[in-house]
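Visitor: You'll find protein_27.txt just under this line, and it carries compact mmCIF, C-alpha atoms.
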```
# COMPACT_ATOMS: atom_id res chain seq x y z
CA MET A 678 51.69 -27.96 -62.19
CA LYS A 679 52.28 -28.92 -58.56
CA ASN A 680 52.92 -25.29 -57.69
CA ILE A 681 49.56 -24.22 -59.09
CA TYR A 682 47.80 -26.99 -57.19
CA ILE A 683 49.29 -25.84 -53.87
CA LYS A 684 48.47 -22.24 -54.70
CA LYS A 685 44.82 -23.15 -55.31
CA ILE A 686 44.58 -25.06 -52.04
CA LEU A 687 46.18 -22.20 -50.14
CA THR A 688 43.85 -19.64 -51.69
CA SER A 689 40.69 -21.64 -51.09
CA SER A 690 41.83 -22.34 -47.51
CA VAL A 691 42.29 -18.66 -46.79
CA ILE A 692 38.88 -17.84 -48.23
CA ALA A 693 37.22 -20.63 -46.28
CA LEU A 694 38.94 -19.48 -43.09
CA PHE A 695 37.63 -15.98 -43.65
CA PHE A 696 34.04 -17.14 -43.91
CA ILE A 697 34.34 -19.45 -40.92
CA GLN A 698 35.69 -16.62 -38.80
CA ALA A 699 33.02 -14.24 -40.01
CA LEU A 700 30.34 -16.75 -39.10
CA PHE A 701 31.86 -17.25 -35.66
CA PHE A 702 31.93 -13.57 -34.89
CA LEU A 703 28.34 -13.32 -36.03
CA VAL A 704 26.90 -16.01 -33.78
CA GLU A 705 29.37 -15.80 -30.90
CA PRO A 706 27.52 -13.13 -28.88
CA THR A 707 24.34 -15.16 -29.11
CA ILE A 708 26.02 -18.26 -27.82
CA VAL A 709 27.80 -16.57 -24.93
CA GLY A 710 25.18 -14.00 -23.95
CA ALA A 711 21.98 -15.99 -24.28
CA VAL A 712 19.65 -14.96 -21.46
CA VAL A 713 16.27 -16.44 -20.88
CA SER A 714 13.66 -15.26 -18.47
CA ALA A 715 10.34 -16.37 -17.12
CA THR A 716 7.64 -14.15 -15.71
CA SER A 717 5.21 -15.40 -13.16
CA SER A 718 1.78 -15.51 -14.68
CA PRO A 719 -0.74 -14.30 -13.82
CA ASN A 720 0.67 -11.38 -11.87
CA THR A 721 0.36 -11.42 -8.12
CA VAL A 722 -2.26 -8.97 -6.96
CA PHE A 723 -2.17 -7.91 -3.34
CA SER A 724 -5.47 -6.57 -2.06
CA LEU A 725 -5.84 -4.48 1.04
CA ILE A 726 -9.40 -4.12 2.25
CA VAL A 727 -10.27 -1.12 4.34
CA ASP A 728 -13.58 -1.75 6.05
CA PRO A 729 -15.78 1.29 6.66
CA GLY A 730 -16.39 2.08 10.28
CA ILE A 731 -17.74 4.89 12.41
CA SER A 732 -17.59 5.84 16.05
CA ILE A 733 -19.19 8.52 18.20
CA THR A 734 -18.50 9.66 21.73
CA SER A 735 -21.05 9.97 24.53
CA PRO A 736 -21.12 13.36 26.20
CA ALA A 737 -21.98 13.87 29.84
CA ASN A 738 -25.43 14.99 30.92
CA VAL A 739 -25.93 18.71 30.87
CA THR A 740 -27.88 20.99 33.18
CA MET A 741 -29.16 24.18 31.62
CA PRO A 742 -28.96 27.53 33.40
CA SER A 743 -32.02 27.86 35.62
CA LEU A 744 -35.12 29.87 34.78
CA THR A 745 -36.59 31.95 37.55
CA VAL A 746 -39.27 34.53 37.92
CA ALA A 747 -36.72 37.03 36.69
CA VAL A 748 -34.77 34.96 34.16
CA ASN A 749 -36.87 33.94 31.20
CA SER A 750 -34.38 32.29 28.88
CA SER A 751 -31.72 29.65 29.29
CA VAL A 752 -28.91 28.74 26.89
CA THR A 753 -26.35 25.98 27.34
CA ASN A 754 -22.69 26.83 26.90
CA GLY A 755 -21.83 24.48 24.05
CA ALA A 756 -19.83 22.13 26.20
CA THR A 757 -21.98 19.27 25.01
CA TYR A 758 -20.55 17.80 21.84
CA TRP A 759 -20.10 14.56 19.99
CA THR A 760 -16.92 13.49 18.26
CA VAL A 761 -17.46 11.41 15.16
CA LYS A 762 -14.72 9.40 13.48
CA THR A 763 -15.14 7.56 10.23
CA ASN A 764 -12.97 6.18 7.46
CA ASN A 765 -15.98 5.86 5.19
CA THR A 766 -15.19 7.15 1.75
CA ALA A 767 -18.60 8.77 1.37
CA GLY A 768 -18.56 10.30 4.85
CA TYR A 769 -21.24 10.40 7.53
CA ASN A 770 -24.40 11.98 8.88
CA LEU A 771 -24.98 12.96 12.49
CA LYS A 772 -28.61 13.11 13.44
CA VAL A 773 -30.39 13.88 16.70
CA HIS A 774 -33.83 13.15 18.05
CA ALA A 775 -35.72 13.49 21.30
CA ASP A 776 -37.37 10.73 23.27
CA ALA A 777 -40.87 12.21 23.13
CA ALA A 778 -42.92 15.18 22.07
CA PRO A 779 -42.68 17.69 23.43
CA ALA A 780 -39.08 17.01 24.29
CA LEU A 781 -38.63 18.98 27.51
CA ARG A 782 -41.02 17.83 30.21
CA GLN A 783 -41.50 17.76 33.95
CA GLY A 784 -43.38 14.48 33.95
CA VAL A 785 -47.04 15.25 33.48
CA ILE A 786 -46.78 18.49 35.42
CA ASP A 787 -45.60 20.84 32.76
CA ASN A 788 -43.57 21.04 29.57
CA PHE A 789 -42.00 23.34 26.99
CA ALA A 790 -43.41 23.15 23.50
CA ASP A 791 -41.00 22.20 20.76
CA TYR A 792 -39.69 25.22 18.86
CA THR A 793 -40.62 25.37 15.20
CA THR A 794 -38.69 23.01 12.96
CA VAL A 795 -38.28 25.79 10.43
CA LYS A 796 -34.81 26.87 11.38
CA THR A 797 -34.88 30.46 12.52
CA ALA A 798 -32.90 32.76 14.75
CA TRP A 799 -34.00 32.88 18.37
CA VAL A 800 -34.44 36.29 19.92
CA PRO A 801 -35.60 36.08 23.54
CA GLY A 802 -38.68 38.13 24.22
CA SER A 803 -39.75 38.33 20.61
CA THR A 804 -39.46 35.14 18.61
CA ILE A 805 -41.81 32.86 20.46
CA THR A 806 -45.41 33.80 21.02
CA ASP A 807 -46.22 35.68 24.18
CA GLY A 808 -47.69 33.38 26.82
CA THR A 809 -45.82 30.30 25.61
CA LYS A 810 -42.79 28.28 26.59
CA ALA A 811 -40.49 26.74 23.98
CA PHE A 812 -37.47 24.52 23.76
CA GLY A 813 -35.15 24.16 20.79
CA PHE A 814 -31.61 23.58 19.69
CA SER A 815 -28.93 24.51 17.24
CA GLY A 816 -25.30 23.51 16.74
CA TYR A 817 -21.90 24.50 15.53
CA GLY A 818 -18.78 22.79 14.35
CA THR A 819 -16.86 22.04 11.19
CA ASP A 820 -19.53 19.81 9.73
CA VAL A 821 -22.62 21.51 11.13
CA THR A 822 -23.15 24.15 8.57
CA VAL A 823 -24.96 21.85 6.21
CA ASN A 824 -25.97 24.15 3.40
CA GLY A 825 -25.94 26.92 5.99
CA THR A 826 -29.19 25.70 7.49
CA TRP A 827 -27.91 26.03 11.04
CA GLY A 828 -26.38 29.41 10.57
CA ALA A 829 -22.83 29.92 11.64
CA GLY A 830 -21.03 30.37 14.88
CA SER A 831 -18.45 29.08 17.26
CA SER A 832 -20.43 29.30 20.50
CA CYS A 833 -24.00 29.11 21.75
CA GLY A 834 -24.10 32.69 22.95
CA THR A 835 -24.51 33.76 26.55
CA ALA A 836 -26.41 31.99 29.32
CA THR A 837 -29.56 33.88 28.48
CA VAL A 838 -29.15 35.02 24.87
CA PRO A 839 -28.55 32.60 22.02
CA LEU A 840 -25.95 33.55 19.46
CA ASN A 841 -27.81 35.62 16.91
CA THR A 842 -26.03 34.06 13.93
CA LEU A 843 -27.27 30.58 14.75
CA LEU A 844 -30.53 29.19 13.48
CA PHE A 845 -32.66 27.08 15.83
CA SER A 846 -35.08 24.23 15.44
CA GLY A 847 -37.40 22.33 17.70
CA PHE A 848 -37.13 18.58 18.05
CA ASN A 849 -39.58 16.52 16.09
CA ASN A 850 -40.44 13.79 18.56
CA THR A 851 -38.28 10.75 17.76
CA THR A 852 -37.71 11.73 14.17
CA ASP A 853 -34.06 12.28 13.34
CA ILE A 854 -32.91 15.74 12.37
CA THR A 855 -29.54 16.07 10.65
CA LEU A 856 -27.20 18.27 12.60
CA ALA A 857 -23.90 17.56 10.85
CA SER A 858 -22.72 15.90 7.69
CA LYS A 859 -19.52 15.24 5.81
CA ALA A 860 -19.00 13.69 2.38
CA THR A 861 -15.63 12.08 3.03
CA VAL A 862 -13.53 10.54 5.77
CA THR A 863 -12.89 12.47 8.95
CA PRO A 864 -9.49 13.30 10.33
CA TYR A 865 -8.08 10.61 12.59
CA ALA A 866 -9.01 12.70 15.66
CA GLY A 867 -12.59 12.97 14.46
CA ILE A 868 -14.90 15.96 14.09
CA ASP A 869 -16.61 17.67 17.04
CA THR A 870 -20.21 18.77 16.74
CA HIS A 871 -21.52 21.01 19.50
CA ILE A 872 -25.18 21.31 20.36
CA CYS A 873 -26.85 24.37 21.89
CA PHE A 874 -30.09 24.03 23.84
CA VAL A 875 -32.41 26.95 24.43
CA ALA A 876 -35.49 27.17 26.63
CA GLU A 877 -37.63 30.25 27.11
CA GLN A 878 -40.73 31.24 28.97
CA ARG A 879 -42.40 34.38 27.61
CA GLY A 880 -45.16 36.01 29.60
CA ILE A 881 -45.80 32.79 31.49
CA TYR A 882 -44.11 30.87 34.26
CA ALA A 883 -42.95 27.34 33.83
CA THR A 884 -43.96 25.34 36.88
CA SER A 885 -40.98 24.97 39.16
CA GLY A 886 -39.22 21.66 39.13
CA ALA A 887 -36.78 19.71 36.93
CA TYR A 888 -37.56 19.33 33.27
CA THR A 889 -35.68 16.69 31.33
CA THR A 890 -35.30 15.29 27.90
CA THR A 891 -33.07 12.61 26.49
CA ILE A 892 -31.45 13.48 23.20
CA THR A 893 -30.00 10.69 21.13
CA ALA A 894 -27.34 11.38 18.56
CA THR A 895 -26.67 8.83 15.86
CA ALA A 896 -23.73 8.87 13.49
CA THR A 897 -24.22 6.89 10.30
CA THR A 898 -22.00 6.26 7.32
CA ILE A 899 -23.41 7.57 4.09
CA MET B 1263 72.53 -12.28 -48.29
CA LYS B 1264 69.00 -13.20 -49.27
CA LYS B 1265 69.92 -16.89 -49.16
CA THR B 1266 71.26 -16.57 -45.61
CA PHE B 1267 68.05 -14.85 -44.52
CA PHE B 1268 65.85 -17.67 -45.80
CA LYS B 1269 68.20 -20.22 -44.27
CA LYS B 1270 67.80 -18.59 -40.86
CA ILE B 1271 64.00 -18.51 -41.13
CA PHE B 1272 63.89 -22.13 -42.21
CA THR B 1273 66.09 -23.23 -39.30
CA ALA B 1274 64.07 -21.24 -36.75
CA SER B 1275 60.82 -22.68 -38.12
CA ILE B 1276 62.12 -26.25 -37.85
CA ILE B 1277 63.23 -25.69 -34.25
CA SER B 1278 59.91 -24.06 -33.34
CA LEU B 1279 57.95 -26.86 -34.91
CA PHE B 1280 59.98 -29.38 -32.93
CA PHE B 1281 59.16 -27.72 -29.63
CA ILE B 1282 55.50 -27.33 -30.50
CA GLN B 1283 55.28 -31.01 -31.35
CA MET B 1284 57.03 -31.97 -28.13
CA LEU B 1285 54.61 -29.86 -26.14
CA TYR B 1286 51.64 -31.35 -27.91
CA LEU B 1287 52.79 -34.89 -27.25
CA ALA B 1288 53.39 -34.08 -23.61
CA VAL B 1289 49.97 -32.67 -22.90
CA GLU B 1290 47.99 -34.95 -25.09
CA PRO B 1291 48.98 -38.54 -24.36
CA THR B 1292 45.71 -39.77 -25.77
CA VAL B 1293 46.56 -38.27 -29.05
CA ALA B 1294 50.06 -39.66 -28.76
CA ASN B 1295 48.72 -43.12 -28.10
CA ALA B 1296 46.37 -42.79 -30.94
CA LEU B 1297 49.34 -42.17 -33.13
CA ASP B 1298 50.56 -45.65 -32.28
CA ALA B 1299 47.28 -47.21 -33.25
CA VAL B 1300 47.16 -48.97 -36.46
CA ASP B 1301 43.58 -48.04 -37.15
CA THR B 1302 41.23 -45.52 -35.51
CA GLY B 1303 37.51 -44.86 -35.63
CA GLY B 1304 36.54 -41.75 -33.68
CA VAL B 1305 33.07 -40.35 -33.00
CA LEU B 1306 32.31 -36.94 -31.64
CA VAL B 1307 29.23 -36.96 -29.41
CA THR B 1308 27.69 -33.61 -28.61
CA LEU B 1309 24.89 -32.96 -26.14
CA ASN B 1310 23.60 -29.46 -25.85
CA VAL B 1311 21.90 -28.53 -22.57
CA THR B 1312 19.87 -25.46 -23.23
CA ALA B 1313 19.60 -22.98 -20.41
CA GLY B 1314 16.05 -22.55 -19.18
CA ILE B 1315 14.18 -21.10 -16.27
CA THR B 1316 10.72 -21.43 -14.80
CA ILE B 1317 8.80 -19.60 -12.13
CA SER B 1318 5.64 -20.65 -10.37
CA ASN B 1319 2.31 -18.95 -10.95
CA GLY B 1320 1.23 -15.77 -9.28
CA SER B 1321 -2.00 -15.51 -7.35
CA ASN B 1322 -4.34 -13.06 -5.69
CA ILE B 1323 -3.65 -12.36 -2.05
CA THR B 1324 -5.72 -10.43 0.45
CA MET B 1325 -3.70 -8.74 3.13
CA THR B 1326 -4.66 -9.28 6.75
CA PRO B 1327 -6.16 -8.02 8.90
CA HIS B 1328 -8.54 -5.65 7.14
CA ILE B 1329 -7.77 -2.09 8.08
CA ASP B 1330 -10.60 -0.34 9.92
CA LEU B 1331 -11.03 2.11 12.78
CA THR B 1332 -9.16 -0.18 15.15
CA HIS B 1333 -6.57 -1.78 12.84
CA ASP B 1334 -4.08 0.51 11.19
CA ARG B 1335 -1.80 -2.02 9.49
CA ALA B 1336 -1.86 -5.21 7.44
CA ILE B 1337 0.57 -7.66 5.88
CA GLY B 1338 0.53 -10.04 2.93
CA THR B 1339 2.65 -12.94 1.71
CA ALA B 1340 3.41 -14.39 -1.73
CA THR B 1341 5.87 -17.12 -2.66
CA TRP B 1342 7.45 -17.92 -6.00
CA THR B 1343 9.57 -20.96 -6.82
CA VAL B 1344 12.29 -20.59 -9.42
CA SER B 1345 13.96 -23.50 -11.21
CA THR B 1346 16.85 -23.11 -13.58
CA ASN B 1347 19.64 -25.21 -15.03
CA ASN B 1348 21.59 -22.16 -16.04
CA TYR B 1349 25.21 -22.63 -14.98
CA ALA B 1350 25.50 -18.98 -13.99
CA GLY B 1351 22.29 -18.98 -11.97
CA TYR B 1352 19.42 -16.52 -11.93
CA ASP B 1353 17.96 -13.29 -10.64
CA LEU B 1354 14.42 -12.81 -9.36
CA THR B 1355 12.95 -9.34 -9.56
CA VAL B 1356 9.66 -7.77 -8.57
CA LEU B 1357 8.01 -4.81 -10.19
CA SER B 1358 4.86 -2.92 -9.31
CA SER B 1359 2.53 -1.89 -12.11
CA THR B 1360 1.90 1.57 -10.70
CA ILE B 1361 3.52 4.29 -8.66
CA PRO B 1362 2.62 4.21 -5.87
CA ALA B 1363 1.98 0.50 -5.85
CA LEU B 1364 -1.07 0.29 -3.56
CA LYS B 1365 -4.04 2.27 -4.80
CA GLN B 1366 -7.80 2.38 -4.66
CA GLY B 1367 -8.19 3.69 -8.18
CA ALA B 1368 -8.23 7.46 -8.04
CA VAL B 1369 -9.91 7.47 -4.63
CA ASP B 1370 -6.96 7.01 -2.31
CA GLU B 1371 -3.52 5.42 -2.11
CA PHE B 1372 -0.68 4.37 0.15
CA ILE B 1373 2.64 5.94 -0.78
CA ASP B 1374 5.58 3.63 -1.39
CA TYR B 1375 7.63 3.06 1.75
CA THR B 1376 10.37 5.62 2.11
CA GLU B 1377 13.73 4.37 3.37
CA VAL B 1378 16.06 6.57 5.40
CA VAL B 1379 18.75 5.72 2.87
CA ALA B 1380 17.08 5.30 -0.48
CA GLY B 1381 17.38 1.77 -1.77
CA THR B 1382 18.55 0.35 1.54
CA PRO B 1383 15.94 -1.86 3.20
CA GLU B 1384 15.37 -1.15 6.89
CA LEU B 1385 13.32 -2.37 9.82
CA TRP B 1386 9.74 -1.22 9.35
CA ALA B 1387 9.35 2.27 10.79
CA ASP B 1388 6.03 3.96 11.45
CA PRO B 1389 5.03 6.35 8.68
CA ALA B 1390 4.96 10.00 9.62
CA VAL B 1391 1.80 11.07 11.42
CA GLY B 1392 -0.89 11.52 8.81
CA ALA B 1393 0.85 9.27 6.28
CA LYS B 1394 0.04 5.86 4.82
CA GLU B 1395 2.81 3.65 3.45
CA PHE B 1396 3.21 0.34 1.61
CA GLY B 1397 6.46 -1.59 1.31
CA PHE B 1398 8.00 -4.99 0.82
CA SER B 1399 10.61 -7.36 2.15
CA ALA B 1400 11.64 -10.89 1.23
CA PHE B 1401 13.10 -14.02 2.67
CA GLY B 1402 14.35 -17.33 1.34
CA THR B 1403 17.55 -19.20 0.54
CA ASP B 1404 18.62 -16.87 -2.22
CA VAL B 1405 17.41 -13.59 -0.77
CA PRO B 1406 20.16 -11.00 -0.22
CA ALA B 1407 21.03 -10.36 3.41
CA LYS B 1408 20.00 -6.73 3.08
CA TYR B 1409 16.37 -7.84 3.49
CA TYR B 1410 16.69 -9.29 6.97
CA VAL B 1411 18.50 -9.27 10.28
CA THR B 1412 18.30 -13.01 10.59
CA THR B 1413 16.17 -15.01 8.22
CA PRO B 1414 12.57 -14.62 9.39
CA ALA B 1415 10.19 -17.54 9.52
CA ASP B 1416 7.23 -15.51 8.29
CA CYS B 1417 6.13 -12.02 7.32
CA GLY B 1418 4.65 -11.18 10.70
CA ASN B 1419 1.45 -11.37 12.69
CA THR B 1420 -1.55 -11.82 10.42
CA SER B 1421 -3.95 -10.87 13.21
CA THR B 1422 -2.37 -7.53 14.03
CA GLY B 1423 -0.52 -6.78 10.81
CA ILE B 1424 2.71 -6.17 12.69
CA THR B 1425 5.72 -7.06 10.56
CA ASN B 1426 8.35 -9.60 11.56
CA THR B 1427 11.05 -7.81 13.52
CA ASN B 1428 13.75 -9.56 11.49
CA SER B 1429 12.52 -8.28 8.14
CA LYS B 1430 13.84 -5.19 6.45
CA TYR B 1431 11.58 -3.25 4.12
CA GLU B 1432 11.80 -0.88 1.21
CA GLY B 1433 9.30 0.65 -1.15
CA PHE B 1434 8.50 -0.29 -4.71
CA SER B 1435 10.06 2.15 -7.11
CA GLY B 1436 8.61 1.55 -10.54
CA VAL B 1437 11.70 -0.36 -11.66
CA ALA B 1438 12.44 -4.05 -11.22
CA GLN B 1439 13.99 -4.75 -7.83
CA ASN B 1440 16.06 -7.86 -7.20
CA ILE B 1441 14.86 -9.96 -4.28
CA ALA B 1442 16.76 -13.18 -4.95
CA THR B 1443 19.91 -14.19 -6.74
CA LYS B 1444 21.95 -17.34 -7.19
CA ALA B 1445 25.19 -17.91 -9.08
CA THR B 1446 24.57 -21.49 -10.09
CA ILE B 1447 21.81 -23.88 -10.99
CA THR B 1448 18.95 -24.54 -8.60
CA PRO B 1449 17.90 -27.90 -7.22
CA TYR B 1450 15.41 -29.71 -9.41
CA THR B 1451 12.57 -28.67 -7.12
CA GLY B 1452 13.58 -25.05 -7.37
CA ILE B 1453 14.17 -22.39 -4.79
CA ALA B 1454 11.27 -20.66 -3.01
CA THR B 1455 11.39 -16.94 -2.35
CA THR B 1456 8.75 -15.27 -0.21
CA LEU B 1457 7.72 -11.67 -0.70
CA CYS B 1458 6.28 -9.86 2.30
CA VAL B 1459 4.24 -6.70 1.84
CA ALA B 1460 3.04 -4.36 4.56
CA ALA B 1461 0.66 -1.41 4.70
CA HIS B 1462 0.42 1.01 7.60
CA GLU B 1463 -1.56 4.17 8.25
CA ASN B 1464 -0.50 6.42 11.09
CA GLN B 1465 -3.21 8.58 12.66
CA VAL B 1466 -5.02 9.01 9.40
CA PHE B 1467 -7.90 7.13 7.89
CA ALA B 1468 -7.45 5.44 4.54
CA LYS B 1469 -10.70 5.79 2.68
CA SER B 1470 -12.73 2.62 2.92
CA GLY B 1471 -12.67 0.29 -0.06
CA THR B 1472 -10.30 -2.13 -1.75
CA TYR B 1473 -6.76 -1.15 -2.57
CA THR B 1474 -4.71 -3.28 -4.97
CA ALA B 1475 -1.06 -3.61 -5.92
CA THR B 1476 -0.17 -5.65 -8.99
CA ILE B 1477 3.27 -7.16 -8.68
CA THR B 1478 5.11 -8.87 -11.52
CA ALA B 1479 7.80 -11.37 -10.57
CA THR B 1480 10.37 -12.18 -13.23
CA ALA B 1481 13.12 -14.78 -13.04
CA THR B 1482 16.01 -14.28 -15.43
CA THR B 1483 19.09 -16.34 -16.12
CA LYS B 1484 22.40 -14.59 -15.62
```
Please render this file's structure as structure tokens.

Guide:
Amino acid sequence: MKNIYIKKILTSSVIALFFIQALFFLVEPTIVGAVVSATSSPNTVFSLIVDPGISITSPANVTMPSLTVAVNSSVTNGATYWTVKTNNTAGYNLKVHADAAPALRQGVIDNFADYTTVKTAWVPGSTITDGTKAFGFSGYGTDVTVNGTWGAGSSCGTATVPLNTLLFSGFNNTTDITLASKATVTPYAGIDTHICFVAEQRGIYATSGAYTTTITATATTI
Amino acid sequence: MKKTFFKKIFTASIISLFFIQMLYLAVEPTVANALDAVDTGGVLVTLNVTAGITISNGSNITMTPHIDLTHDRAIGTATWTVSTNNYAGYDLTVLSSTIPALKQGAVDEFIDYTEVVAGTPELWADPAVGAKEFGFSAFGTDVPAKYYVTTPADCGNTSTGITNTNSKYEGFSGVAQNIATKATITPYTGIATTLCVAAHENQVFAKSGTYTATITATATTK
């Protein structure tokens, strides 16, 4: 009787031990390896603001090759240019205008009429009307060929003959005329836009003296 | 033969039991004393201290100065405070939501700072010419020494955007990066860790607009 009693206790002890151990192994990793974390909320958002800006250089004054009784046309050498820098996402426009109409004047003594604003090639001795004097401009550079309206080229031509692939326009008083445009930021060094001035007397003498005009270039973010 | 075998086992068991009891009485005097008591009434008191961790809120931060045609770099600062009672301490990680971290949508972006030795923070070096980079550093009591020469007092000059010369930077990588660690509990008030971020363009214009980097800070018990 006593033997059976001990046997029962022993058996139930072993079974109980088994379950206790099984339970321990089950929950033990949770107890030892419990990791909790907290995430900062809301998230931290760093903002960097890049303000749009634009800059343009100021070129030196330019003196055109002289007209004489034997030299009827004058073309600048393209050394006059503006450098525009902008970080504006949508880019920039570079526009030019004269200070008066007509642009090129010798006070009240004489002047050159403004060339047509319909951009056309300039052929000395044939484009402008005989017996007239005219003054106009064109340009070249990476951003000048806006829809090809200024033609194409990498110089102004010679001192007396404009580059025949460029298209010329007259100034329109103080109204801005777009010479260059770009739809995105410029390189850090900026973009150079060269301007070519042309004056011609055809079958008529311009009165001797100094003719001047002040051309203003304005770079604007789009 | 069988009888002798059992006799030997019985004797060895008695001797072993004796030594085990002696050892127990030696190392557990309280128990030994208790044995002398006539009556005992024990109570087991259990207090569970659950490991927990908190981190302060994130916020929106605008880097300074704004980048424009005359400023080519900017810095920003964010601070998180972590409190934990976890006996093994905590880790604080930061994670950017995008690669690269600093973007203006699909318009433009700053690449993540590139270390000479990947994963090893270094003193801020100018990006390559034509490149724009964004990186981070950290300082605080629990920040690993790899992030500084000597503990900096701030992230740098907020007027010029020049980083502190004691800070070492690395780029975000798209995986959580540990910026603070501690092997024990924190003070009740927690431990503050400051994250410094820096953006720098080198002879290139970042497109104007607002760039953002969303950073998630997570504190985890060890």

Visitor: Would you kindly report the residues of chain B within 7 Å of chain A, using all atoms listed in the file, as number ranges by chain?

Guide: B: 1314-1325, 1328-1331, 1465-1484

Visitor: Write out as a VMD selection string the residues lying within 9 Å of Ser735 in chain A, counting only C-alpha atoms and excluding same-chain residues fewer than 5 positions away.

Guide: chain A and resid 758 to 760 894

Visitor: Output C-alpha atoms for every residue in the selection just made, as an mmCIF file, in the frame of the given file.

Guide:
```
data_model
loop_
_atom_site.group_PDB
_atom_site.id
_atom_site.type_symbol
_atom_site.label_atom_id
_atom_site.label_comp_id
_atom_site.auth_asym_id
_atom_site.auth_seq_id
_atom_site.Cartn_x
_atom_site.Cartn_y
_atom_site.Cartn_z
ATOM 1 C CA TYR A 758 -20.550 17.800 21.840
ATOM 2 C CA TRP A 759 -20.100 14.560 19.990
ATOM 3 C CA THR A 760 -16.920 13.490 18.260
ATOM 4 C CA ALA A 894 -27.340 11.380 18.560
#
```

Visitor: Given all atoms listed in the file as the basis, pick out the residue of B:Asn1440, B:Thr1448, B:Asn1347, B:Thr1339 nearest to Thr1326 in chain B.

Guide: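 Of the candidates, the smallest distance to Thr1326 in chain B is held by B:Thr1339.
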
Visitor: So, with only C-alpha atoms as the atoms that count, which of A:Ile892, A:Val800, A:Leu843, A:Ile899 lies closest to Ala777 in chain A?

Guide: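 With only C-alpha atoms as the atom set, the closest residue is A:Ile892.
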
Visitor: May I ask which of the residues A:Thr797, A:Asn788, A:Ser803, A:Asn770 is the closest one to Phe845 in chain A, counting all atoms listed in the file?

Guide: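 Result for the nearest residue to Phe845 in chain A: A:Thr797.
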
Visitor: How many Å separate CA of Thr852 in chain A from CA of Phe874 in chain A?

Guide: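 Atom-to-atom, CA of Thr852 in chain A to CA of Phe874 in chain A, that is 17.4 Å.
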
Visitor: So how far away is CA of Gly808 in chain A from CA of Asn738 in chain A, in Å?

Guide: 29.2 Å

Visitor: Any idea what the distance is between CA of Ser751 in chain A and CA of Pro736 in chain A?

Guide: 19.7 Å

Visitor: Which polymer residues, protein or nucleic acid, are no farther than 9 Å from (16.3, -14.2, 6.7), counting all atoms listed in the file, as a count of residues only?

Guide: 16

Visitor: Of the residues A:Asp807, A:Asp853, A:Asp869, A:Asp787, which is the one nearest to Ser831 in chain A, using only C-alpha atoms?

Guide: A:Asp869

Visitor: Name the closest residue to Gly1436 in chain B among the candidates B:Thr1360, B:Thr1355, B:Thr1332, B:Thr1341; distances are taken between atoms, counting all atoms listed in the file.

Guide: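 Closest to Gly1436 in chain B of all the choices is B:Thr1360.
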